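final_26.pdb follows; it contains PDB, C-alpha atoms.
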ATOM      1  CA  MET A   1     101.904  92.515  81.467
ATOM      2  CA  LEU A   2     105.684  92.808  81.111
ATOM      3  CA  VAL A   3     106.443  90.092  83.688
ATOM      4  CA  SER A   4     104.453  86.835  83.800
ATOM      5  CA  LYS A   5     103.844  84.382  86.633
ATOM      6  CA  ASN A   6     106.206  81.995  84.832
ATOM      7  CA  ASP A   7     108.925  84.663  84.938
ATOM      8  CA  ILE A   8     108.445  84.986  88.706
ATOM      9  CA  ILE A   9     108.535  81.219  89.291
ATOM     10  CA  LYS A  10     111.573  80.873  87.024
ATOM     11  CA  TYR A  11     113.353  83.580  89.009
ATOM     12  CA  ILE A  12     112.629  81.804  92.306
ATOM     13  CA  LYS A  13     113.627  78.399  90.925
ATOM     14  CA  GLU A  14     116.952  79.792  89.705
ATOM     15  CA  ILE A  15     117.977  80.341  93.322
ATOM     16  CA  PRO A  16     120.884  78.046  94.258
ATOM     17  CA  PRO A  17     119.581  74.720  95.674
ATOM     18  CA  THR A  18     119.139  74.503  99.447
ATOM     19  CA  PRO A  19     122.317  73.022 101.002
ATOM     20  CA  THR A  20     121.988  69.644 102.753
ATOM     21  CA  SER A  21     122.974  71.162 106.099
ATOM     22  CA  VAL A  22     120.105  73.676 105.849
ATOM     23  CA  LYS A  23     117.614  70.927 104.970
ATOM     24  CA  ASN A  24     118.859  68.912 107.956
ATOM     25  CA  THR A  25     118.607  71.976 110.205
ATOM     26  CA  LEU A  26     114.942  72.450 109.247
ATOM     27  CA  LEU A  27     114.321  68.721 109.746
ATOM     28  CA  PHE A  28     115.747  68.804 113.296
ATOM     29  CA  LEU A  29     113.744  71.952 114.059
ATOM     30  CA  LYS A  30     110.526  70.255 112.954
ATOM     31  CA  GLN A  31     111.440  67.404 115.331
ATOM     32  CA  GLY A  32     112.006  69.890 118.169
ATOM     33  CA  GLU A  33     115.737  69.063 118.363
ATOM     34  CA  LEU A  34     117.117  72.562 118.914
ATOM     35  CA  LYS A  35     120.689  71.582 119.857
ATOM     36  CA  LYS A  36     121.038  69.141 116.946
ATOM     37  CA  ALA A  37     119.694  71.832 114.616
ATOM     38  CA  ALA A  38     122.294  74.304 115.932
ATOM     39  CA  ILE A  39     125.134  71.837 115.406
ATOM     40  CA  GLU A  40     123.913  71.153 111.869
ATOM     41  CA  ALA A  41     123.512  74.873 111.121
ATOM     42  CA  ASN A  42     127.070  75.456 112.302
ATOM     43  CA  LYS A  43     128.297  73.381 109.345
ATOM     44  CA  ASP A  44     126.971  75.966 106.889
ATOM     45  CA  ILE A  45     129.116  79.107 107.054
ATOM     46  CA  ALA A  46     126.642  81.204 105.049
ATOM     47  CA  LEU A  47     123.669  80.178 107.210
ATOM     48  CA  LYS A  48     125.604  80.822 110.425
ATOM     49  CA  LYS A  49     126.685  84.247 109.186
ATOM     50  CA  GLN A  50     123.131  85.125 108.121
ATOM     51  CA  ILE A  51     121.680  84.212 111.519
ATOM     52  CA  GLU A  52     124.389  86.196 113.312
ATOM     53  CA  GLN A  53     123.764  89.214 111.075
ATOM     54  CA  VAL A  54     120.009  89.210 111.648
ATOM     55  CA  VAL A  55     120.112  88.446 115.388
ATOM     56  CA  ASN A  56     122.815  91.017 116.118
ATOM     57  CA  SER A  57     120.940  93.754 114.216
ATOM     58  CA  ALA A  58     119.497  96.742 116.037
ATOM     59  CA  TYR A  59     115.964  95.316 116.152
ATOM     60  CA  PHE A  60     116.861  92.337 118.346
ATOM     61  CA  ALA A  61     118.668  94.676 120.756
ATOM     62  CA  LEU A  62     120.945  92.050 122.309
ATOM     63  CA  PRO A  63     123.246  93.556 124.974
ATOM     64  CA  ASN A  64     126.333  91.828 123.522
ATOM     65  CA  LYS A  65     127.180  90.332 120.161
ATOM     66  CA  VAL A  66     126.592  86.565 120.124
ATOM     67  CA  THR A  67     128.366  84.276 117.642
ATOM     68  CA  ASP A  68     128.024  80.804 119.157
ATOM     69  CA  THR A  69     125.300  78.980 117.198
ATOM     70  CA  VAL A  70     124.127  76.747 120.039
ATOM     71  CA  GLN A  71     123.875  79.789 122.320
ATOM     72  CA  LEU A  72     122.021  81.764 119.638
ATOM     73  CA  PHE A  73     119.510  78.966 119.109
ATOM     74  CA  SER A  74     118.977  78.518 122.863
ATOM     75  CA  MET A  75     118.377  82.257 123.359
ATOM     76  CA  LEU A  76     115.903  82.551 120.495
ATOM     77  CA  GLY A  77     113.849  79.384 120.848
ATOM     78  CA  LEU A  78     112.521  76.876 118.354
ATOM     79  CA  GLU A  79     110.018  78.938 116.357
ATOM     80  CA  MET A  80     112.151  82.036 115.982
ATOM     81  CA  VAL A  81     115.098  79.893 114.871
ATOM     82  CA  LYS A  82     112.872  78.209 112.290
ATOM     83  CA  SER A  83     111.926  81.648 110.992
ATOM     84  CA  LEU A  84     115.593  82.629 110.824
ATOM     85  CA  VAL A  85     116.454  79.583 108.744
ATOM     86  CA  TYR A  86     113.709  80.613 106.338
ATOM     87  CA  ALA A  87     115.188  84.103 106.529
ATOM     88  CA  TYR A  88     118.423  82.596 105.247
ATOM     89  CA  LEU A  89     116.511  81.251 102.249
ATOM     90  CA  VAL A  90     115.209  84.808 101.816
ATOM     91  CA  SER A  91     118.812  86.054 101.636
ATOM     92  CA  LEU A  92     119.318  83.864  98.574
ATOM     93  CA  LEU A  93     116.619  85.959  96.898
ATOM     94  CA  GLU A  94     118.192  89.300  97.823
ATOM     95  CA  PRO A  95     119.333  91.273  94.768
ATOM     96  CA  LYS A  96     123.105  91.641  94.406
ATOM     97  CA  LYS A  97     122.361  95.298  93.795
ATOM     98  CA  TRP A  98     119.078  96.914  94.829
ATOM     99  CA  GLN A  99     117.662  98.780  91.837
ATOM    100  CA  ILE A 100     114.449 100.324  93.172
ATOM    101  CA  PHE A 101     114.189 100.309  96.963
ATOM    102  CA  ASN A 102     116.825 101.924  99.147
ATOM    103  CA  ILE A 103     116.252 100.307 102.549
ATOM    104  CA  PRO A 104     118.461  98.604 105.167
ATOM    105  CA  PHE A 105     117.035  95.220 104.251
ATOM    106  CA  TYR A 106     118.412  93.147 107.129
ATOM    107  CA  ASP A 107     116.960  95.616 109.627
ATOM    108  CA  PHE A 108     113.573  95.378 107.924
ATOM    109  CA  GLN A 109     113.754  91.591 107.827
ATOM    110  CA  ALA A 110     114.729  91.293 111.496
ATOM    111  CA  SER A 111     112.126  93.852 112.564
ATOM    112  CA  PHE A 112     109.326  92.163 110.641
ATOM    113  CA  MET A 113     110.057  88.759 112.150
ATOM    114  CA  LYS A 114     110.452  90.132 115.668
ATOM    115  CA  LYS A 115     107.282  92.231 115.539
ATOM    116  CA  PHE A 116     105.337  89.405 113.912
ATOM    117  CA  GLU A 117     106.197  87.225 116.888
ATOM    118  CA  GLU A 118     105.329  89.965 119.390
ATOM    119  CA  TYR A 119     101.969  90.878 117.893
ATOM    120  CA  MET A 120     100.878  87.316 117.067
ATOM    121  CA  ILE A 121     101.351  86.421 120.728
ATOM    122  CA  LEU A 122      99.677  89.645 121.865
ATOM    123  CA  GLU A 123      96.606  89.292 119.623
ATOM    124  CA  PHE A 124      96.135  85.551 119.571
ATOM    125  CA  SER A 125      98.460  83.285 121.588
ATOM    126  CA  GLU A 126     101.962  81.884 121.726
ATOM    127  CA  ASN A 127     100.675  78.610 120.282
ATOM    128  CA  GLU A 128      99.144  80.465 117.338
ATOM    129  CA  TYR A 129     102.457  82.201 116.704
ATOM    130  CA  LYS A 130     104.306  78.870 116.801
ATOM    131  CA  LYS A 131     101.861  77.419 114.322
ATOM    132  CA  TYR A 132     102.382  80.208 111.775
ATOM    133  CA  ALA A 133     105.905  81.472 112.569
ATOM    134  CA  GLU A 134     107.223  80.916 109.025
ATOM    135  CA  VAL A 135     104.786  83.506 107.664
ATOM    136  CA  GLY A 136     106.814  86.257 109.332
ATOM    137  CA  ALA A 137     109.930  85.172 107.439
ATOM    138  CA  ILE A 138     108.301  84.904 104.007
ATOM    139  CA  ILE A 139     107.034  88.470 103.563
ATOM    140  CA  PRO A 140     110.499  90.123 103.344
ATOM    141  CA  ALA A 141     111.327  87.639 100.557
ATOM    142  CA  ALA A 142     108.620  89.207  98.420
ATOM    143  CA  VAL A 143     110.253  92.636  98.804
ATOM    144  CA  CYS A 144     113.481  91.192  97.347
ATOM    145  CA  VAL A 145     111.635  89.667  94.409
ATOM    146  CA  CYS A 146     109.692  92.895  93.771
ATOM    147  CA  ASP A 147     112.926  94.882  93.587
ATOM    148  CA  SER A 148     114.437  92.357  91.183
ATOM    149  CA  LEU A 149     111.344  92.238  88.969
ATOM    150  CA  LEU A 150     110.894  96.013  88.840
ATOM    151  CA  GLY A 151     114.658  96.479  88.558
ATOM    152  CA  SER A 152     114.766  94.201  85.514
ATOM    153  CA  LYS A 153     112.377  96.675  83.847
ATOM    154  CA  LYS A 154     114.005  99.779  85.289
ATOM    155  CA  LYS A 155     113.801 101.845  82.105
ATOM    156  CA  GLU A 156     110.092 101.131  81.713
ATOM    157  CA  VAL A 157     109.557 101.838  85.420
ATOM    158  CA  GLU A 158     111.339 105.205  85.178
ATOM    159  CA  ILE A 159     109.313 106.204  82.105
ATOM    160  CA  ILE A 160     106.027 105.350  83.857
ATOM    161  CA  MET A 161     107.031 106.996  87.139
ATOM    162  CA  ASN A 162     108.160 110.180  85.356
ATOM    163  CA  SER A 163     105.030 110.446  83.235
ATOM    164  CA  ALA A 164     102.529 110.364  86.097
ATOM    165  CA  PRO A 165     102.552 109.852  89.876
ATOM    166  CA  ILE A 166     101.890 106.188  90.624
ATOM    167  CA  GLU A 167     102.289 103.931  93.655
ATOM    168  CA  TYR A 168     104.794 101.084  93.429
ATOM    169  CA  GLY A 169     102.071  98.595  94.357
ATOM    170  CA  THR A 170      99.930  99.776  91.437
ATOM    171  CA  LEU A 171     102.931  99.689  89.117
ATOM    172  CA  LEU A 172     103.853  96.175  90.264
ATOM    173  CA  LYS A 173     100.357  94.930  89.504
ATOM    174  CA  ARG A 174     100.376  96.673  86.133
ATOM    175  CA  LEU A 175     103.694  95.074  85.159
ATOM    176  CA  THR A 176     103.159  91.592  86.614
ATOM    177  CA  GLY A 177      99.457  91.178  87.356
ATOM    178  CA  TYR A 178     100.361  90.399  90.981
ATOM    179  CA  SER A 179     100.525  92.243  94.280
ATOM    180  CA  LEU A 180     103.347  92.025  96.822
ATOM    181  CA  PHE A 181     101.404  89.398  98.770
ATOM    182  CA  ASP A 182     100.509  87.428  95.637
ATOM    183  CA  ILE A 183     104.238  87.132  94.985
ATOM    184  CA  ALA A 184     104.822  86.155  98.622
ATOM    185  CA  GLY A 185     102.218  83.428  98.101
ATOM    186  CA  ILE A 186     104.079  82.108  95.058
ATOM    187  CA  ILE A 187     107.304  82.001  97.089
ATOM    188  CA  SER A 188     105.509  80.207  99.932
ATOM    189  CA  LYS A 189     104.247  77.538  97.547
ATOM    190  CA  GLU A 190     107.653  77.091  95.910
ATOM    191  CA  TRP A 191     109.249  76.668  99.348
ATOM    192  CA  GLY A 192     106.757  74.020 100.392
ATOM    193  CA  LEU A 193     104.683  75.826 103.034
ATOM    194  CA  GLU A 194     101.342  74.281 103.931
ATOM    195  CA  ASP A 195      98.237  75.447 102.032
ATOM    196  CA  GLU A 196      96.792  77.222 105.092
ATOM    197  CA  LYS A 197      99.937  79.337 105.489
ATOM    198  CA  ILE A 198     100.046  80.104 101.771
ATOM    199  CA  GLU A 199      96.450  81.315 102.025
ATOM    200  CA  ILE A 200      97.316  83.587 104.975
ATOM    201  CA  VAL A 201     100.163  85.122 102.980
ATOM    202  CA  LYS A 202      98.077  85.682  99.849
ATOM    203  CA  LYS A 203      95.140  87.150 101.785
ATOM    204  CA  SER A 204      97.456  89.674 103.458
ATOM    205  CA  ASP A 205      96.650  91.931 100.514
ATOM    206  CA  CYS A 206      93.483  92.561 102.547
ATOM    207  CA  SER A 207      91.308  93.311  99.530
ATOM    208  CA  SER A 208      88.470  91.619 101.438
ATOM    209  CA  CYS A 209      90.188  91.495 104.850
ATOM    210  CA  ASP A 210      88.470  88.401 106.223
ATOM    211  CA  ASN A 211      91.399  86.547 107.788
ATOM    212  CA  LYS A 212      92.674  87.706 111.187
ATOM    213  CA  TYR A 213      96.250  86.515 110.636
ATOM    214  CA  SER A 214      96.381  88.109 107.198
ATOM    215  CA  ALA A 215      95.044  91.331 108.709
ATOM    216  CA  LEU A 216      97.941  91.356 111.175
ATOM    217  CA  VAL A 217     100.487  90.819 108.388
ATOM    218  CA  HIS A 218      98.890  93.639 106.381
ATOM    219  CA  PHE A 219      98.880  96.043 109.313
ATOM    220  CA  LEU A 220     102.434  95.133 110.328
ATOM    221  CA  PHE A 221     103.816  95.704 106.834
ATOM    222  CA  PHE A 222     102.129  99.104 106.638
ATOM    223  CA  TYR A 223     103.284 100.076 110.125
ATOM    224  CA  LEU A 224     106.937  99.137 109.553
ATOM    225  CA  SER A 225     107.080 100.568 106.036
ATOM    226  CA  SER A 226     105.788 103.871 107.437
ATOM    227  CA  GLN A 227     108.997 104.245 109.425
ATOM    228  CA  LYS A 228     111.667 106.548 108.039
ATOM    229  CA  ASN A 229     114.211 103.834 107.166
ATOM    230  CA  PHE A 230     111.682 101.760 105.238
ATOM    231  CA  LEU A 231     109.551 104.409 103.519
ATOM    232  CA  ASP A 232     110.718 103.325 100.060
ATOM    233  CA  ILE A 233     108.534 100.203 100.256
ATOM    234  CA  ASN A 234     105.502 101.872 101.845
ATOM    235  CA  SER A 235     103.610 102.261  98.569
ATOM    236  CA  LEU A 236     103.973  98.561  97.701
ATOM    237  CA  ILE A 237     100.608  97.995  99.392
ATOM    238  CA  GLU A 238      97.350  99.905  99.525
ATOM    239  CA  PHE A 239      96.512 100.076 103.215
ATOM    240  CA  ASN A 240      93.065  98.838 104.207
ATOM    241  CA  THR A 241      92.008 100.319 107.547
ATOM    242  CA  LYS A 242      89.569  97.431 108.062
ATOM    243  CA  CYS A 243      92.536  95.301 109.191
ATOM    244  CA  ILE A 244      92.633  97.303 112.444
ATOM    245  CA  GLU A 245      89.348  95.668 113.489
ATOM    246  CA  PHE A 246      91.179  92.328 113.697
ATOM    247  CA  VAL A 247      94.205  93.606 115.649
ATOM    248  CA  PRO A 248      92.916  96.032 118.340
ATOM    249  CA  LYS A 249      95.587  95.132 120.915
ATOM    250  CA  THR A 250      98.384  95.659 118.407
ATOM    251  CA  TYR A 251      96.908  98.958 117.261
ATOM    252  CA  GLU A 252      96.526 100.170 120.849
ATOM    253  CA  ARG A 253     100.104  99.191 121.745
ATOM    254  CA  ILE A 254     101.531 101.001 118.732
ATOM    255  CA  VAL A 255      99.397 104.121 119.172
ATOM    256  CA  ASN A 256     100.291 104.330 122.871
ATOM    257  CA  GLY A 257     103.933 103.681 122.104
ATOM    258  CA  SER A 258     104.121 100.865 124.633
TER     259      SER A 258
END
Translate this file's structure into structure tokens.
Amino acid sequence: MLVSKNDIIKYIKEIPPTPTSVKNTLLFLKQGELKKAAIEANKDIALKKQIEQVVNSAYFALPNKVTDTVQLFSMLGLEMVKSLVYAYLVSLLEPKKWQIFNIPFYDFQASFMKKFEEYMILEFSENEYKKYAEVGAIIPAAVCVCDSLLGSKKKEVEIIMNSAPIEYGTLLKRLTGYSLFDIAGIISKEWGLEDEKIEIVKKSDCSSCDNKYSALVHFLFFYLSSQKNFLDINSLIEFNTKCIEFVPKTYERIVNGS
């Protein structure tokens, strides 16, 4: 393996430390204090800008651009805001220059979080979504790390890719020993998510496909990465059709285009 688990953890730990205002924002959100969280978030220019950029992207489809933090938080609600703050942490992982995947990352990030909310509520319940909302923000982080890890070995990647057709997911595992969702699990642990949520993230690889939430994450990643704008990351996972058994309502909605 050209990249070890220690290399991955070192990369994540080299991210700039979480600003105090962001920590306080998450603390107020955990306490259910949405307005206090918004006021605290407003103190961090980078966090405020990140939330504006994600929320005003095409996938949230707001009729008018919104820049007031309190208004943004009120419109989105507690759990989605919590996901967006984690999305800000994801932005700290984003490569300064993408080496491997050519995708509009903020659109993918916003779409994944929005659809995760929609389909979690559809398949299970709003309470279940609220319980696991952070999971929808973590997965895009793994895409950033994968690009950085593969990009750091770009010459080796190009040699392998030119010598024989190979999926990026297979290549990632060959170089690191980990899948996209394994890496997402490492990020989840480093960012202090609860063990149950870490397990959901790691099982989203769906090699056994025995967790209904993981099955939804797996299906959602495949579905979104099959879209034209995100095709570059489609081969990061090997799709397991068994996941559809766990998400029949989601599958039906997508197939019927409703």
Please enumerate the residues selected by the PyMOL selection byres ((chain A and resi 53-70) around 8) when evaluated against the supplied file, formatted as an MDAnalysis selection string.
chainID A and resid 35 38:39 41:42 48:52 71:74 84 106:107 109:111 114
What's the separation between CA of Cys209 in chain A and CA of Ile244 in chain A, in Å to one decimal place?
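Rounded to one decimal, the two atoms are 9.9 Å apart.
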Taking (112.6, 90.5, 103.6) in the file's coordinates as the center, which residues reach within 9 Å of it, counting only C-alpha atoms, put as a ChimeraX atom specification?
/A:87,90-91,94,105-106,108-110,112,137-144
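Within 7 Å of the point (104.7, 95.1, 113.4), and counting only C-alpha atoms, the protein, DNA and RNA residues are Phe112, Lys115, Phe116, Tyr119, Leu220, Phe221, Tyr223 and Leu224 of chain A.
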Could you pull the residues within 8 Å of range 240-242 of chain A, counting all atoms listed in the file, minus those fewer than 3 positions along the same chain, as a list in words?
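Near range 240-242 of chain A, the qualifying residues are Cys206, Ser207, Cys209, Glu245 and Phe246 of chain A.
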Which residues fall under the PyMOL selection byres ((chain A and resi 131) around 12) in this file, as a PyMOL selection string?
chain A and resi 30+78-80+82-83+117+120-121+124-130+132-136+193-194+196-197+213
If we count all atoms listed in the file, what is near Lys13 in chain A at a cut-off of 10 Å, once residues fewer than 4 positions away on the same chain are taken out, given as a ChimeraX atom specification?
/A:7-9,17,187,190-191
Selected residue, from A:Cys146, A:Met161, A:Leu231, A:Leu27, that lies nearest to Ser179 in chain A when counting only C-alpha atoms:
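Between A:Cys146, A:Met161, A:Leu231, A:Leu27, the residue approaching Ser179 in chain A most closely is A:Cys146.
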Specify as a ChimeraX atom specification each residue included when the PyMOL selection byres ((chain A and resi 181) around 10) is applied to this file.
/A:138-139,142-143,178-180,182-187,198,200-206,214,217-218,236-237
Because the input lacks atoms here, generate N, CA and C atoms for range 84-119 of chain A and report them as a PDB file, in the coordinates of the input.
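Heads up, here's the output in result_20.pdb:
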ATOM      1  N   LEU A  84     114.293  82.126 111.264  1.00  0.00           N
ATOM      2  CA  LEU A  84     115.593  82.629 110.824  1.00  0.00           C
ATOM      3  C   LEU A  84     116.210  81.750 109.737  1.00  0.00           C
ATOM      4  N   VAL A  85     115.954  80.461 109.802  1.00  0.00           N
ATOM      5  CA  VAL A  85     116.454  79.583 108.744  1.00  0.00           C
ATOM      6  C   VAL A  85     115.733  79.909 107.434  1.00  0.00           C
ATOM      7  N   TYR A  86     114.424  80.163 107.532  1.00  0.00           N
ATOM      8  CA  TYR A  86     113.709  80.613 106.338  1.00  0.00           C
ATOM      9  C   TYR A  86     114.227  81.987 105.889  1.00  0.00           C
ATOM     10  N   ALA A  87     114.619  82.789 106.865  1.00  0.00           N
ATOM     11  CA  ALA A  87     115.188  84.103 106.529  1.00  0.00           C
ATOM     12  C   ALA A  87     116.470  83.936 105.728  1.00  0.00           C
ATOM     13  N   TYR A  88     117.214  82.891 106.030  1.00  0.00           N
ATOM     14  CA  TYR A  88     118.423  82.596 105.247  1.00  0.00           C
ATOM     15  C   TYR A  88     118.047  82.291 103.796  1.00  0.00           C
ATOM     16  N   LEU A  89     116.974  81.522 103.609  1.00  0.00           N
ATOM     17  CA  LEU A  89     116.511  81.251 102.249  1.00  0.00           C
ATOM     18  C   LEU A  89     116.116  82.556 101.557  1.00  0.00           C
ATOM     19  N   VAL A  90     115.555  83.488 102.351  1.00  0.00           N
ATOM     20  CA  VAL A  90     115.209  84.808 101.816  1.00  0.00           C
ATOM     21  C   VAL A  90     116.461  85.514 101.304  1.00  0.00           C
ATOM     22  N   SER A  91     117.566  85.370 102.027  1.00  0.00           N
ATOM     23  CA  SER A  91     118.812  86.054 101.636  1.00  0.00           C
ATOM     24  C   SER A  91     119.301  85.592 100.275  1.00  0.00           C
ATOM     25  N   LEU A  92     118.937  84.358  99.894  1.00  0.00           N
ATOM     26  CA  LEU A  92     119.318  83.864  98.574  1.00  0.00           C
ATOM     27  C   LEU A  92     118.555  84.595  97.469  1.00  0.00           C
ATOM     28  N   LEU A  93     117.424  85.194  97.851  1.00  0.00           N
ATOM     29  CA  LEU A  93     116.619  85.959  96.898  1.00  0.00           C
ATOM     30  C   LEU A  93     117.065  87.417  96.797  1.00  0.00           C
ATOM     31  N   GLU A  94     117.840  87.874  97.775  1.00  0.00           N
ATOM     32  CA  GLU A  94     118.192  89.300  97.823  1.00  0.00           C
ATOM     33  C   GLU A  94     118.984  89.707  96.584  1.00  0.00           C
ATOM     34  N   PRO A  95     118.596  90.809  95.950  1.00  0.00           N
ATOM     35  CA  PRO A  95     119.333  91.273  94.768  1.00  0.00           C
ATOM     36  C   PRO A  95     120.793  91.594  95.117  1.00  0.00           C
ATOM     37  N   LYS A  96     121.694  91.281  94.194  1.00  0.00           N
ATOM     38  CA  LYS A  96     123.105  91.641  94.406  1.00  0.00           C
ATOM     39  C   LYS A  96     123.242  93.158  94.500  1.00  0.00           C
ATOM     40  N   LYS A  97     122.411  93.832  93.730  1.00  0.00           N
ATOM     41  CA  LYS A  97     122.361  95.298  93.795  1.00  0.00           C
ATOM     42  C   LYS A  97     120.897  95.719  93.756  1.00  0.00           C
ATOM     43  N   TRP A  98     120.471  96.441  94.787  1.00  0.00           N
ATOM     44  CA  TRP A  98     119.078  96.914  94.829  1.00  0.00           C
ATOM     45  C   TRP A  98     118.898  98.016  93.786  1.00  0.00           C
ATOM     46  N   GLN A  99     117.882  97.851  92.946  1.00  0.00           N
ATOM     47  CA  GLN A  99     117.662  98.780  91.837  1.00  0.00           C
ATOM     48  C   GLN A  99     116.601  99.840  92.145  1.00  0.00           C
ATOM     49  N   ILE A 100     115.618  99.463  92.976  1.00  0.00           N
ATOM     50  CA  ILE A 100     114.449 100.324  93.172  1.00  0.00           C
ATOM     51  C   ILE A 100     114.346 100.846  94.606  1.00  0.00           C
ATOM     52  N   PHE A 101     114.440  99.946  95.567  1.00  0.00           N
ATOM     53  CA  PHE A 101     114.189 100.309  96.963  1.00  0.00           C
ATOM     54  C   PHE A 101     115.496 100.476  97.733  1.00  0.00           C
ATOM     55  N   ASN A 102     115.618 101.630  98.356  1.00  0.00           N
ATOM     56  CA  ASN A 102     116.825 101.924  99.147  1.00  0.00           C
ATOM     57  C   ASN A 102     116.484 101.800 100.634  1.00  0.00           C
ATOM     58  N   ILE A 103     116.560 100.564 101.134  1.00  0.00           N
ATOM     59  CA  ILE A 103     116.252 100.307 102.549  1.00  0.00           C
ATOM     60  C   ILE A 103     117.350  99.434 103.160  1.00  0.00           C
ATOM     61  N   PRO A 104     117.565  99.547 104.485  1.00  0.00           N
ATOM     62  CA  PRO A 104     118.461  98.604 105.167  1.00  0.00           C
ATOM     63  C   PRO A 104     117.727  97.272 105.311  1.00  0.00           C
ATOM     64  N   PHE A 105     117.900  96.388 104.351  1.00  0.00           N
ATOM     65  CA  PHE A 105     117.035  95.220 104.251  1.00  0.00           C
ATOM     66  C   PHE A 105     117.099  94.306 105.472  1.00  0.00           C
ATOM     67  N   TYR A 106     118.308  94.067 105.994  1.00  0.00           N
ATOM     68  CA  TYR A 106     118.412  93.147 107.129  1.00  0.00           C
ATOM     69  C   TYR A 106     117.702  93.699 108.364  1.00  0.00           C
ATOM     70  N   ASP A 107     117.707  95.012 108.519  1.00  0.00           N
ATOM     71  CA  ASP A 107     116.960  95.616 109.627  1.00  0.00           C
ATOM     72  C   ASP A 107     115.458  95.409 109.440  1.00  0.00           C
ATOM     73  N   PHE A 108     114.998  95.593 108.198  1.00  0.00           N
ATOM     74  CA  PHE A 108     113.573  95.378 107.924  1.00  0.00           C
ATOM     75  C   PHE A 108     113.198  93.925 108.164  1.00  0.00           C
ATOM     76  N   GLN A 109     114.019  93.019 107.678  1.00  0.00           N
ATOM     77  CA  GLN A 109     113.754  91.591 107.827  1.00  0.00           C
ATOM     78  C   GLN A 109     113.689  91.190 109.301  1.00  0.00           C
ATOM     79  N   ALA A 110     114.683  91.622 110.068  1.00  0.00           N
ATOM     80  CA  ALA A 110     114.729  91.293 111.496  1.00  0.00           C
ATOM     81  C   ALA A 110     113.548  91.907 112.235  1.00  0.00           C
ATOM     82  N   SER A 111     113.230  93.158 111.902  1.00  0.00           N
ATOM     83  CA  SER A 111     112.126  93.852 112.564  1.00  0.00           C
ATOM     84  C   SER A 111     110.795  93.185 112.261  1.00  0.00           C
ATOM     85  N   PHE A 112     110.590  92.793 111.013  1.00  0.00           N
ATOM     86  CA  PHE A 112     109.326  92.163 110.641  1.00  0.00           C
ATOM     87  C   PHE A 112     109.131  90.854 111.387  1.00  0.00           C
ATOM     88  N   MET A 113     110.172  90.045 111.459  1.00  0.00           N
ATOM     89  CA  MET A 113     110.057  88.759 112.150  1.00  0.00           C
ATOM     90  C   MET A 113     109.827  88.948 113.647  1.00  0.00           C
ATOM     91  N   LYS A 114     110.564  89.891 114.231  1.00  0.00           N
ATOM     92  CA  LYS A 114     110.452  90.132 115.668  1.00  0.00           C
ATOM     93  C   LYS A 114     109.066  90.668 116.027  1.00  0.00           C
ATOM     94  N   LYS A 115     108.594  91.638 115.260  1.00  0.00           N
ATOM     95  CA  LYS A 115     107.282  92.231 115.539  1.00  0.00           C
ATOM     96  C   LYS A 115     106.149  91.253 115.226  1.00  0.00           C
ATOM     97  N   PHE A 116     106.343  90.413 114.214  1.00  0.00           N
ATOM     98  CA  PHE A 116     105.337  89.405 113.912  1.00  0.00           C
ATOM     99  C   PHE A 116     105.159  88.467 115.104  1.00  0.00           C
ATOM    100  N   GLU A 117     106.265  88.070 115.691  1.00  0.00           N
ATOM    101  CA  GLU A 117     106.197  87.225 116.888  1.00  0.00           C
ATOM    102  C   GLU A 117     105.482  87.955 118.024  1.00  0.00           C
ATOM    103  N   GLU A 118     105.896  89.190 118.278  1.00  0.00           N
ATOM    104  CA  GLU A 118     105.329  89.965 119.390  1.00  0.00           C
ATOM    105  C   GLU A 118     103.821  90.141 119.249  1.00  0.00           C
ATOM    106  N   TYR A 119     103.378  90.542 118.067  1.00  0.00           N
ATOM    107  CA  TYR A 119     101.969  90.878 117.893  1.00  0.00           C
ATOM    108  C   TYR A 119     101.092  89.640 117.699  1.00  0.00           C
TER     109      TYR A 119
END
